[in-house]
file entry_23.txt (compact mmCIF, C-alpha atoms)
# COMPACT_ATOMS: atom_id res chain seq x y z
CA MET A 1 -40.02 18.29 49.28
CA SER A 2 -42.77 15.89 50.25
CA GLU A 3 -42.30 12.14 50.26
CA THR A 4 -44.41 11.73 47.13
CA SER A 5 -42.63 14.54 45.23
CA SER A 6 -39.44 12.52 44.85
CA ALA A 7 -39.51 10.36 41.73
CA LEU A 8 -36.17 8.80 42.70
CA TRP A 9 -37.36 7.85 46.18
CA ARG A 10 -40.52 6.32 44.74
CA CYS A 11 -38.43 4.21 42.36
CA ILE A 12 -36.31 2.95 45.26
CA THR A 13 -39.25 2.13 47.51
CA GLU A 14 -41.34 0.53 44.79
CA ALA A 15 -38.42 -1.71 43.84
CA ASP A 16 -38.08 -2.66 47.54
CA VAL A 17 -34.27 -2.69 47.50
CA ARG A 18 -32.42 -2.65 50.82
CA THR A 19 -29.01 -1.40 49.66
CA VAL A 20 -28.50 1.42 47.14
CA ALA A 21 -25.13 2.51 45.74
CA PHE A 22 -24.61 6.06 44.44
CA MET A 23 -22.02 6.57 41.72
CA GLY A 24 -21.06 9.53 39.54
CA MET A 25 -19.94 9.64 35.91
CA THR A 26 -17.26 12.18 36.88
CA LYS A 27 -16.69 14.95 39.42
CA ASN A 28 -19.48 17.49 39.86
CA THR A 29 -22.26 15.40 38.35
CA GLY A 30 -24.30 15.55 41.56
CA LYS A 31 -23.74 12.16 43.21
CA THR A 32 -23.71 13.51 46.76
CA VAL A 33 -26.63 15.84 46.02
CA ALA A 34 -28.63 12.80 44.89
CA LEU A 35 -27.61 10.91 48.02
CA ASN A 36 -28.68 13.82 50.24
CA HIS A 37 -31.99 14.03 48.40
CA VAL A 38 -32.72 10.36 49.07
CA LEU A 39 -31.65 10.66 52.73
CA ALA A 40 -34.05 13.59 53.16
CA ALA A 41 -36.86 11.64 51.49
CA ALA A 42 -36.15 8.64 53.71
CA ALA A 43 -36.32 10.80 56.82
CA GLN A 44 -39.65 12.33 55.75
CA ALA A 45 -41.00 8.84 55.04
CA GLY A 46 -40.02 7.60 58.50
CA CYS A 47 -37.50 5.20 57.00
CA THR A 48 -34.37 4.52 59.08
CA ALA A 49 -31.48 5.03 56.68
CA GLY A 50 -28.05 3.54 57.08
CA VAL A 51 -25.14 5.36 55.43
CA THR A 52 -21.57 4.39 54.67
CA SER A 53 -19.07 5.02 51.89
CA ILE A 54 -16.22 3.58 49.88
CA GLY A 55 -13.23 4.91 51.77
CA ARG A 56 -13.04 8.68 51.51
CA ASP A 57 -13.86 10.33 48.21
CA GLY A 58 -11.06 12.80 47.73
CA GLU A 59 -10.70 16.39 48.89
CA ASP A 60 -13.20 18.85 50.30
CA ARG A 61 -12.83 20.99 47.16
CA ASP A 62 -12.10 20.35 43.51
CA GLN A 63 -8.38 21.14 43.37
CA VAL A 64 -8.58 22.77 39.91
CA PHE A 65 -11.71 24.90 40.15
CA GLN A 66 -11.96 25.12 43.97
CA VAL A 67 -15.63 24.13 43.88
CA PRO A 68 -16.73 23.05 47.37
CA LYS A 69 -17.96 19.46 47.52
CA PRO A 70 -21.37 19.11 49.16
CA PRO A 71 -21.21 17.34 52.52
CA VAL A 72 -23.42 14.39 53.37
CA MET A 73 -26.52 15.66 55.18
CA VAL A 74 -27.70 13.23 57.84
CA TRP A 75 -30.94 13.19 59.82
CA PRO A 76 -31.90 12.24 63.38
CA GLY A 77 -32.17 8.48 63.69
CA SER A 78 -29.87 7.75 60.75
CA LEU A 79 -27.28 5.01 61.29
CA VAL A 80 -23.75 5.60 60.02
CA ALA A 81 -20.66 3.42 59.58
CA THR A 82 -17.64 5.69 59.37
CA ALA A 83 -13.99 5.96 60.41
CA ARG A 84 -13.07 7.10 63.91
CA THR A 85 -11.21 10.19 62.62
CA THR A 86 -14.34 11.52 60.89
CA LEU A 87 -16.33 11.28 64.12
CA GLN A 88 -13.76 13.39 65.93
CA ARG A 89 -14.57 16.31 63.62
CA ALA A 90 -18.26 15.60 63.06
CA LYS A 91 -20.60 18.62 63.09
CA VAL A 92 -23.52 16.63 64.50
CA LYS A 93 -24.08 14.78 67.75
CA THR A 94 -24.01 11.01 67.52
CA ARG A 95 -24.47 8.03 69.83
CA TYR A 96 -21.90 5.25 69.73
CA LEU A 97 -23.43 1.87 68.86
CA GLY A 98 -20.41 -0.35 68.45
CA SER A 99 -17.39 -1.36 66.42
CA THR A 100 -17.27 -3.17 63.10
CA ASP A 101 -13.73 -4.52 63.71
CA ILE A 102 -12.86 -3.06 60.30
CA SER A 103 -9.70 -0.97 60.09
CA SER A 104 -9.04 1.85 57.62
CA PRO A 105 -6.34 4.51 57.06
CA MET A 106 -8.60 6.94 58.95
CA GLY A 107 -9.10 4.63 61.89
CA GLU A 108 -11.47 1.86 62.86
CA ILE A 109 -14.91 1.89 61.23
CA LEU A 110 -17.46 2.59 63.96
CA LEU A 111 -21.25 2.43 64.09
CA VAL A 112 -23.14 5.48 65.35
CA GLN A 113 -26.68 6.79 65.48
CA VAL A 114 -27.22 10.41 64.42
CA LEU A 115 -29.01 12.55 67.02
CA GLU A 116 -29.50 15.77 65.05
CA GLN A 117 -29.70 16.99 61.48
CA GLY A 118 -26.50 18.30 59.97
CA GLU A 119 -23.36 17.73 57.94
CA MET A 120 -21.16 14.70 58.36
CA GLU A 121 -18.00 13.44 56.73
CA ILE A 122 -18.28 9.72 56.06
CA ALA A 123 -15.32 7.45 55.34
CA GLY A 124 -16.15 3.78 55.22
CA ALA A 125 -14.44 0.52 54.34
CA SER A 126 -12.64 0.09 51.02
CA ARG A 127 -12.66 -3.68 50.49
CA SER A 128 -15.77 -5.42 49.19
CA ALA A 129 -15.84 -7.98 52.00
CA ASP A 130 -15.61 -5.20 54.61
CA GLN A 131 -18.36 -3.27 52.83
CA ARG A 132 -20.66 -6.27 53.10
CA THR A 133 -19.84 -6.57 56.80
CA ALA A 134 -20.59 -2.88 57.43
CA ILE A 135 -23.90 -3.11 55.55
CA ALA A 136 -24.95 -6.20 57.51
CA LEU A 137 -24.13 -4.49 60.81
CA LEU A 138 -26.09 -1.35 59.86
CA GLN A 139 -29.07 -3.58 59.04
CA GLN A 140 -28.70 -5.41 62.34
CA CYS A 141 -28.80 -2.04 64.10
CA GLY A 142 -32.15 -1.28 62.46
CA ALA A 143 -31.43 0.31 59.07
CA ASP A 144 -34.38 -0.19 56.72
CA ARG A 145 -32.25 0.81 53.73
CA VAL A 146 -28.51 1.34 53.45
CA MET A 147 -27.06 4.02 51.14
CA LEU A 148 -23.49 3.63 49.83
CA ASP A 149 -21.63 6.77 48.78
CA GLY A 150 -19.18 5.78 46.06
CA ALA A 151 -15.73 7.10 45.23
CA LEU A 152 -14.87 8.41 41.79
CA GLY A 153 -13.23 5.76 39.62
CA ARG A 154 -14.09 2.95 42.02
CA SER A 155 -17.34 1.27 41.08
CA HIS A 156 -17.10 -2.05 42.91
CA HIS A 157 -19.66 -0.87 45.49
CA ALA A 158 -22.25 -0.87 42.68
CA SER A 159 -21.77 -4.59 42.09
CA PRO A 160 -24.84 -6.76 42.79
CA ALA A 161 -22.58 -8.63 45.22
CA ILE A 162 -22.79 -5.53 47.45
CA ALA A 163 -25.72 -3.32 46.38
CA ASP A 164 -29.25 -4.30 45.41
CA GLY A 165 -29.63 -1.18 43.29
CA VAL A 166 -27.64 1.69 41.79
CA VAL A 167 -28.25 5.40 41.25
CA LEU A 168 -26.04 6.92 38.55
CA ALA A 169 -25.39 10.69 38.48
CA THR A 170 -24.55 12.37 35.18
CA GLY A 171 -24.40 15.97 34.07
CA ALA A 172 -22.91 18.87 32.16
CA ALA A 173 -19.56 18.43 33.92
CA LEU A 174 -18.85 15.55 31.51
CA GLY A 175 -18.13 18.23 28.91
CA GLY A 176 -19.37 18.93 25.40
CA GLY A 177 -22.92 19.70 24.40
CA MET A 178 -26.06 18.07 25.71
CA GLY A 179 -25.88 15.38 23.03
CA ASP A 180 -22.29 14.55 24.02
CA VAL A 181 -23.25 14.17 27.68
CA LEU A 182 -26.15 11.88 26.86
CA ARG A 183 -23.99 9.80 24.51
CA LYS A 184 -21.32 9.34 27.20
CA THR A 185 -24.03 8.42 29.68
CA ARG A 186 -25.55 5.91 27.25
CA ASP A 187 -22.12 4.34 26.76
CA ARG A 188 -21.68 3.95 30.52
CA LEU A 189 -25.13 2.45 30.87
CA ALA A 190 -24.33 -0.06 28.12
CA ILE A 191 -21.55 -1.42 30.33
CA LEU A 192 -23.48 -1.31 33.60
CA ASN A 193 -26.70 -2.75 32.17
CA LEU A 194 -25.45 -6.13 30.97
CA ALA A 195 -28.25 -8.68 30.85
CA ALA A 196 -28.05 -11.66 33.18
CA ALA A 197 -26.98 -14.98 31.64
CA PRO A 198 -29.72 -17.62 31.28
CA ALA A 199 -30.04 -20.27 34.00
CA GLU A 200 -28.42 -23.05 31.97
CA MET A 201 -25.26 -21.01 31.39
CA GLN A 202 -25.23 -19.90 35.03
CA GLN A 203 -25.33 -23.49 36.18
CA ARG A 204 -22.51 -24.53 33.86
CA CYS A 205 -20.09 -21.89 35.06
CA ALA A 206 -21.23 -21.64 38.70
CA MET A 207 -17.92 -22.92 40.06
CA VAL A 208 -15.97 -20.13 38.37
CA PHE A 209 -17.94 -17.49 40.26
CA GLU A 210 -17.87 -19.46 43.50
CA ASP A 211 -14.14 -20.20 43.46
CA GLY A 212 -12.87 -17.32 41.31
CA GLY A 213 -10.85 -17.52 38.14
CA VAL A 214 -11.80 -18.35 34.56
CA GLY A 215 -13.35 -21.16 32.56
CA LEU A 216 -13.92 -22.39 29.00
CA TRP A 217 -16.66 -24.78 27.78
CA GLY A 218 -17.28 -26.44 24.44
CA PRO A 219 -20.44 -26.60 22.32
CA ALA A 220 -21.73 -29.74 24.09
CA GLY A 221 -21.18 -28.23 27.53
CA GLU A 222 -17.91 -30.07 28.11
CA THR A 223 -15.29 -28.34 30.23
CA VAL A 224 -12.30 -27.24 28.16
CA PHE A 225 -10.48 -25.44 30.98
CA GLN A 226 -11.19 -24.09 34.44
CA ALA A 227 -8.80 -22.67 37.04
CA PRO A 228 -8.90 -20.19 39.95
CA ILE A 229 -6.30 -17.86 38.43
CA ALA A 230 -6.08 -14.07 38.45
CA THR A 231 -8.25 -12.74 35.66
CA LEU A 232 -6.47 -9.55 34.62
CA ASN A 233 -3.58 -11.48 33.06
CA ALA A 234 -5.52 -14.61 32.11
CA GLY A 235 -5.77 -13.81 28.39
CA THR A 236 -2.68 -15.74 27.33
CA THR A 237 -3.77 -18.79 29.33
CA LEU A 238 -7.26 -18.77 27.82
CA LEU A 239 -5.91 -18.52 24.27
CA SER A 240 -3.45 -21.35 24.78
CA GLN A 241 -6.08 -23.61 26.38
CA ALA A 242 -8.56 -22.89 23.56
CA GLN A 243 -5.98 -23.58 20.82
CA GLY A 244 -7.42 -26.17 18.43
CA ARG A 245 -10.62 -26.54 20.46
CA ALA A 246 -14.16 -25.31 19.82
CA VAL A 247 -15.31 -22.95 22.56
CA ALA A 248 -18.90 -21.87 23.11
CA LEU A 249 -18.72 -20.25 26.56
CA VAL A 250 -16.15 -18.22 28.48
CA ALA A 251 -16.60 -17.22 32.14
CA VAL A 252 -14.45 -14.61 33.88
CA SER A 253 -15.04 -13.92 37.56
CA GLY A 254 -12.79 -10.89 38.09
CA ALA A 255 -11.71 -7.67 36.44
CA VAL A 256 -11.53 -7.47 32.65
CA GLY A 257 -8.87 -5.07 31.41
CA ARG A 258 -7.46 -4.37 27.95
CA SER A 259 -5.21 -7.43 27.76
CA LEU A 260 -7.93 -9.90 28.70
CA TRP A 261 -10.43 -8.11 26.46
CA ALA A 262 -8.10 -8.54 23.47
CA ALA A 263 -8.01 -12.27 24.20
CA LEU A 264 -11.80 -12.42 24.39
CA LEU A 265 -12.03 -10.72 20.99
CA SER A 266 -9.65 -13.33 19.56
CA LEU A 267 -11.75 -16.14 21.02
CA ALA A 268 -14.91 -14.56 19.59
CA GLN A 269 -13.34 -14.29 16.15
CA ALA A 270 -12.34 -17.96 16.21
CA ASN A 271 -15.61 -19.18 17.72
CA PRO A 272 -18.74 -17.65 16.10
CA GLY A 273 -21.66 -17.40 18.53
CA LEU A 274 -19.40 -17.30 21.59
CA SER A 275 -21.00 -16.34 24.92
CA VAL A 276 -18.89 -14.43 27.47
CA ILE A 277 -20.06 -14.16 31.08
CA VAL A 278 -18.49 -11.66 33.48
CA ALA A 279 -19.41 -11.10 37.12
CA ASP A 280 -21.19 -7.80 36.37
CA GLY A 281 -20.69 -4.50 34.57
CA THR A 282 -18.50 -3.02 37.32
CA LYS A 283 -15.76 -5.54 36.44
CA LEU A 284 -15.41 -4.26 32.87
CA PHE A 285 -12.61 -1.75 32.29
CA VAL A 286 -13.35 -1.24 28.60
CA GLU A 287 -15.36 1.19 26.48
CA ALA A 288 -18.82 0.87 24.94
CA GLY A 289 -17.18 0.68 21.52
CA ASP A 290 -15.38 -2.46 22.65
CA LEU A 291 -18.71 -4.07 23.49
CA ALA A 292 -19.97 -3.19 20.02
CA GLN A 293 -16.88 -4.75 18.47
CA LEU A 294 -17.49 -8.02 20.36
CA GLN A 295 -21.09 -7.99 19.21
CA ARG A 296 -20.06 -7.46 15.58
CA LEU A 297 -18.02 -10.66 15.85
CA GLY A 298 -21.24 -12.50 16.67
CA ALA A 299 -20.55 -12.92 20.40
CA GLN A 300 -22.78 -11.99 23.31
CA LEU A 301 -21.65 -10.48 26.62
CA LEU A 302 -23.68 -11.37 29.71
CA ALA A 303 -23.50 -10.88 33.46
CA HIS A 304 -23.42 -13.48 36.21
CA ARG A 305 -25.60 -11.03 38.16
CA ALA A 306 -27.23 -8.05 36.48
CA ILE A 307 -26.99 -4.58 38.02
CA ARG A 308 -30.36 -3.08 38.94
CA LEU A 309 -30.41 0.60 38.02
CA MET A 310 -32.76 2.51 40.32
CA GLY A 311 -32.43 5.87 38.66
CA LEU A 312 -30.42 8.36 36.67
CA THR A 313 -29.97 11.84 38.12
CA VAL A 314 -28.99 14.76 35.89
CA ASN A 315 -27.09 17.90 36.88
CA PRO A 316 -27.27 20.78 34.37
CA PHE A 317 -24.53 22.79 36.10
CA SER A 318 -20.83 22.54 35.25
CA PRO A 319 -18.09 24.50 37.06
CA TYR A 320 -16.01 24.18 33.89
CA GLY A 321 -18.46 26.18 31.75
CA GLY A 322 -21.10 24.94 29.35
CA SER A 323 -23.99 24.52 31.77
CA PHE A 324 -27.44 23.62 30.41
CA GLN A 325 -30.91 24.98 30.99
CA ALA A 326 -32.27 22.70 33.70
CA ASP A 327 -35.77 22.02 32.34
CA ASP A 328 -34.47 21.36 28.82
CA PHE A 329 -31.75 19.01 30.03
CA LEU A 330 -34.15 17.01 32.18
CA ALA A 331 -36.74 16.69 29.41
CA THR A 332 -34.10 15.68 26.86
CA ALA A 333 -32.61 13.08 29.20
CA GLN A 334 -36.03 11.65 30.01
CA HIS A 335 -36.72 11.31 26.29
CA ALA A 336 -33.28 9.72 25.69
CA PHE A 337 -33.75 7.11 28.44
CA PRO A 338 -37.48 6.31 28.45
CA GLY A 339 -37.09 3.10 30.44
CA LEU A 340 -35.32 4.74 33.37
CA CYS A 341 -36.36 6.90 36.30
CA VAL A 342 -34.60 10.13 35.21
CA SER A 343 -34.75 13.09 37.58
CA ASP A 344 -33.15 16.38 38.54
CA VAL A 345 -33.39 16.21 42.33
CA LEU A 346 -32.84 19.95 42.75
CA LEU A 347 -35.81 20.73 40.52
CA GLU A 348 -37.88 18.34 42.63
CA PHE A 349 -36.64 19.96 45.82
CA ASP A 350 -37.60 23.39 44.50
CA GLY A 351 -41.05 22.10 43.60
CA VAL A 352 -40.53 22.77 39.89
CA SER A 353 -40.89 19.13 38.83
CA ALA A 354 -42.80 16.22 40.30
call {"tool": "encode", "arguments": {"input": "entry_23.txt", "output": "structure tokens"}}
result
Amino acid sequence: MSETSSALWRCITEADVRTVAFMGMTKNTGKTVALNHVLAAAAQAGCTAGVTSIGRDGEDRDQVFQVPKPPVMVWPGSLVATARTTLQRAKVKTRYLGSTDISSPMGEILLVQVLEQGEMEIAGASRSADQRTAIALLQQCGADRVMLDGALGRSHHASPAIADGVVLATGAALGGGMGDVLRKTRDRLAILNLAAAPAEMQQRCAMVFEDGGVGLWGPAGETVFQAPIATLNAGTTLLSQAQGRAVALVAVSGAVGRSLWAALLSLAQANPGLSVIVADGTKLFVEAGDLAQLQRLGAQLLAHRAIRLMGLTVNPFSPYGGSFQADDFLATAQHAFPGLCVSDVLLEFDGVSA
């Protein structure tokens, strides 16, 4: 693979993002393969890559099908933030750079420089604040770009509060035919790709996202309610505060689960033209059909900060059966998502596709 052969790497460099999060739709969709592809491209481009992860992403093998999980492949000069325990069994030589003062179940998160190419287990910080600290320290040590390896079912590392850009991995392992996989991927993208709220709305609800909690505003911009309360169970409070009042804007800074979503639907039904602002798509624990239902009620869902999708990688192989022909799957996905950088990084590596 040459530097220019990687469509995904070109998308990342042309966007000039400094922190990229990698997330997978499910197991075996090729998230780590995509990460390794970008790390290889960075090394060939002379870019110093920093690498860390969200905790530790599960076992070394899929426990049902015993499919080995690909290790992270690091390159000389790479900078890594990982737990002390992982360094004790590392298969590559590293040079200790310092501590992050971040603790984890696998020991303190340490900073090292990789001295040789090879495999490395990486287990980073789990909390968002600690992730931001680790990223900042990697950048201070000289990382041009920092890559975040995500954990299945935990997407907070893809939030714009942590990552400048996101690479999403999808593939045949989602199950069903090619059309089913692309539909499931489209549904996930609908949640991740929320548009950013306009400046006037952002200004009105700025305090909610600075202090946390929820807020309600009326048609003239007047504050109906605002409080730094936990969002998951805030639905009842919002409905009671909105009782008998016209509401034009709702802001929710934290996670949105089923209970809160039901309350938002009730508010939308009672207030045609309602605008709902959430922190970003990673805070939504609902389905694409739920978004469509809110839209049918005449409401719009917006993000405080929009997620910037760098690329979509596709994996035609499934260990569960039902794999696709690689060229066909790539071409179909590229046609289905014309506005995205869609690539099969293994085809690029093999020189089959540019």
call {"tool": "atom_distance", "arguments": {"input": "entry_23.txt", "atom1": "atom CA of A:Ala7", "atom2": "atom CA of A:His37"}}
result
10.7 Å
call {"tool": "axis_aligned_box", "arguments": {"input": "entry_23.txt", "around": "stretch 210-218 of chain A", "padding_each_side": "6 Å", "output": "AutoDock Vina command-line options"}}
result
--center_x -14.4 --center_y -21.9 --center_z 34.0 --size_x 19.0 --size_y 21.1 --size_z 31.1
call {"tool": "closest_residue", "arguments": {"input": "entry_23.txt", "among": "A:Cys341, A:Leu347, A:Ala173, A:Leu137", "to": "A:Arg10", "atoms": "all atoms listed in the file"}}
result
A:Cys341
call {"tool": "atom_distance", "arguments": {"input": "entry_23.txt", "atom1": "atom CA of A:Val314", "atom2": "atom CA of A:Ile54"}}
result
22.0 Å
call {"tool": "residues_near_point", "arguments": {"input": "entry_23.txt", "point": "(-27.7, 0.2, 64.2)", "cutoff": "12 Å", "atoms": "all atoms listed in the file", "output": "VMD selection string"}}
result
chain A and resid 48 to 51 77 to 81 94 to 100 110 to 114 134 to 146
call {"tool": "atom_distance", "arguments": {"input": "entry_23.txt", "atom1": "atom CA of A:Gln203", "atom2": "atom CA of A:Gly298"}}
result
22.8 Å
call {"tool": "residues_around", "arguments": {"input": "entry_23.txt", "residues": "A:Val278", "least_positions_apart": "6", "cutoff": "12 Å", "atoms": "all atoms listed in the file", "output": "NGL selection string"}}
result
:A and (159 or 191-192 or 194-197 or 201-202 or 205-206 or 208-209 or 212-215 or 231 or 249-257 or 260-261 or 264 or 284-285 or 300-307)
call {"tool": "build_atoms", "arguments": {"input": "entry_23.txt", "residues": "stretch 307-317 of chain A", "atoms": "all heavy atoms", "output": "PDB file, in the coordinates of the input"}}
result
ATOM      1  N   ILE A 307     -26.848  -5.760  37.168  1.00  0.00           N
ATOM      2  CA  ILE A 307     -26.990  -4.580  38.020  1.00  0.00           C
ATOM      3  C   ILE A 307     -28.408  -4.031  37.867  1.00  0.00           C
ATOM      4  O   ILE A 307     -28.929  -3.951  36.762  1.00  0.00           O
ATOM      5  CB  ILE A 307     -25.947  -3.519  37.631  1.00  0.00           C
ATOM      6  CG1 ILE A 307     -24.549  -4.011  38.000  1.00  0.00           C
ATOM      7  CG2 ILE A 307     -26.238  -2.174  38.301  1.00  0.00           C
ATOM      8  CD1 ILE A 307     -23.437  -3.122  37.478  1.00  0.00           C
ATOM      9  N   ARG A 308     -28.998  -3.631  38.967  1.00  0.00           N
ATOM     10  CA  ARG A 308     -30.360  -3.080  38.940  1.00  0.00           C
ATOM     11  C   ARG A 308     -30.267  -1.562  39.085  1.00  0.00           C
ATOM     12  O   ARG A 308     -29.949  -1.045  40.157  1.00  0.00           O
ATOM     13  CB  ARG A 308     -31.173  -3.685  40.080  1.00  0.00           C
ATOM     14  CG  ARG A 308     -32.663  -3.422  39.973  1.00  0.00           C
ATOM     15  CD  ARG A 308     -33.400  -4.214  41.037  1.00  0.00           C
ATOM     16  NE  ARG A 308     -34.843  -4.082  40.891  1.00  0.00           N
ATOM     17  CZ  ARG A 308     -35.711  -4.651  41.718  1.00  0.00           C
ATOM     18  NH1 ARG A 308     -35.285  -5.384  42.743  1.00  0.00           N
ATOM     19  NH2 ARG A 308     -37.003  -4.477  41.531  1.00  0.00           N
ATOM     20  N   LEU A 309     -30.515  -0.855  37.998  1.00  0.00           N
ATOM     21  CA  LEU A 309     -30.410   0.600  38.020  1.00  0.00           C
ATOM     22  C   LEU A 309     -31.695   1.208  38.553  1.00  0.00           C
ATOM     23  O   LEU A 309     -32.759   1.067  37.948  1.00  0.00           O
ATOM     24  CB  LEU A 309     -30.109   1.131  36.626  1.00  0.00           C
ATOM     25  CG  LEU A 309     -29.615   2.571  36.557  1.00  0.00           C
ATOM     26  CD1 LEU A 309     -28.240   2.690  37.208  1.00  0.00           C
ATOM     27  CD2 LEU A 309     -29.542   3.057  35.123  1.00  0.00           C
ATOM     28  N   MET A 310     -31.605   1.891  39.683  1.00  0.00           N
ATOM     29  CA  MET A 310     -32.760   2.510  40.320  1.00  0.00           C
ATOM     30  C   MET A 310     -33.134   3.836  39.679  1.00  0.00           C
ATOM     31  O   MET A 310     -34.304   4.214  39.638  1.00  0.00           O
ATOM     32  CB  MET A 310     -32.487   2.746  41.806  1.00  0.00           C
ATOM     33  CG  MET A 310     -32.338   1.484  42.628  1.00  0.00           C
ATOM     34  SD  MET A 310     -33.915   0.599  42.797  1.00  0.00           S
ATOM     35  CE  MET A 310     -33.776  -0.581  41.459  1.00  0.00           C
ATOM     36  N   GLY A 311     -32.125   4.559  39.219  1.00  0.00           N
ATOM     37  CA  GLY A 311     -32.430   5.870  38.660  1.00  0.00           C
ATOM     38  C   GLY A 311     -31.197   6.543  38.099  1.00  0.00           C
ATOM     39  O   GLY A 311     -30.055   6.181  38.409  1.00  0.00           O
ATOM     40  N   LEU A 312     -31.456   7.521  37.253  1.00  0.00           N
ATOM     41  CA  LEU A 312     -30.420   8.360  36.670  1.00  0.00           C
ATOM     42  C   LEU A 312     -30.716   9.798  37.064  1.00  0.00           C
ATOM     43  O   LEU A 312     -31.798  10.318  36.774  1.00  0.00           O
ATOM     44  CB  LEU A 312     -30.427   8.210  35.146  1.00  0.00           C
ATOM     45  CG  LEU A 312     -29.421   9.057  34.357  1.00  0.00           C
ATOM     46  CD1 LEU A 312     -28.004   8.538  34.586  1.00  0.00           C
ATOM     47  CD2 LEU A 312     -29.759   9.033  32.868  1.00  0.00           C
ATOM     48  N   THR A 313     -29.769  10.444  37.755  1.00  0.00           N
ATOM     49  CA  THR A 313     -29.970  11.840  38.120  1.00  0.00           C
ATOM     50  C   THR A 313     -29.118  12.721  37.213  1.00  0.00           C
ATOM     51  O   THR A 313     -27.988  12.364  36.865  1.00  0.00           O
ATOM     52  CB  THR A 313     -29.605  12.106  39.595  1.00  0.00           C
ATOM     53  OG1 THR A 313     -28.217  11.849  39.808  1.00  0.00           O
ATOM     54  CG2 THR A 313     -30.434  11.216  40.504  1.00  0.00           C
ATOM     55  N   VAL A 314     -29.667  13.872  36.827  1.00  0.00           N
ATOM     56  CA  VAL A 314     -28.990  14.760  35.890  1.00  0.00           C
ATOM     57  C   VAL A 314     -28.716  16.105  36.545  1.00  0.00           C
ATOM     58  O   VAL A 314     -29.560  16.665  37.233  1.00  0.00           O
ATOM     59  CB  VAL A 314     -29.817  14.939  34.599  1.00  0.00           C
ATOM     60  CG1 VAL A 314     -29.941  13.607  33.863  1.00  0.00           C
ATOM     61  CG2 VAL A 314     -31.203  15.498  34.874  1.00  0.00           C
ATOM     62  N   ASN A 315     -27.512  16.612  36.315  1.00  0.00           N
ATOM     63  CA  ASN A 315     -27.090  17.900  36.880  1.00  0.00           C
ATOM     64  C   ASN A 315     -26.732  18.836  35.728  1.00  0.00           C
ATOM     65  O   ASN A 315     -25.739  18.616  35.030  1.00  0.00           O
ATOM     66  CB  ASN A 315     -25.883  17.689  37.796  1.00  0.00           C
ATOM     67  CG  ASN A 315     -25.350  18.994  38.362  1.00  0.00           C
ATOM     68  OD1 ASN A 315     -25.979  20.039  38.245  1.00  0.00           O
ATOM     69  ND2 ASN A 315     -24.183  18.945  38.981  1.00  0.00           N
ATOM     70  N   PRO A 316     -27.525  19.884  35.513  1.00  0.00           N
ATOM     71  CA  PRO A 316     -27.270  20.780  34.370  1.00  0.00           C
ATOM     72  C   PRO A 316     -26.103  21.733  34.589  1.00  0.00           C
ATOM     73  O   PRO A 316     -25.658  22.377  33.637  1.00  0.00           O
ATOM     74  CB  PRO A 316     -28.579  21.564  34.261  1.00  0.00           C
ATOM     75  CG  PRO A 316     -29.091  21.616  35.675  1.00  0.00           C
ATOM     76  CD  PRO A 316     -28.712  20.283  36.281  1.00  0.00           C
ATOM     77  N   PHE A 317     -25.581  21.817  35.799  1.00  0.00           N
ATOM     78  CA  PHE A 317     -24.530  22.790  36.100  1.00  0.00           C
ATOM     79  C   PHE A 317     -23.147  22.177  35.929  1.00  0.00           C
ATOM     80  O   PHE A 317     -22.900  21.029  36.296  1.00  0.00           O
ATOM     81  CB  PHE A 317     -24.661  23.301  37.535  1.00  0.00           C
ATOM     82  CG  PHE A 317     -23.497  24.151  37.968  1.00  0.00           C
ATOM     83  CD1 PHE A 317     -23.348  25.452  37.483  1.00  0.00           C
ATOM     84  CD2 PHE A 317     -22.533  23.661  38.837  1.00  0.00           C
ATOM     85  CE1 PHE A 317     -22.265  26.227  37.862  1.00  0.00           C
ATOM     86  CE2 PHE A 317     -21.453  24.429  39.222  1.00  0.00           C
ATOM     87  CZ  PHE A 317     -21.324  25.722  38.735  1.00  0.00           C
TER      88      PHE A 317
END
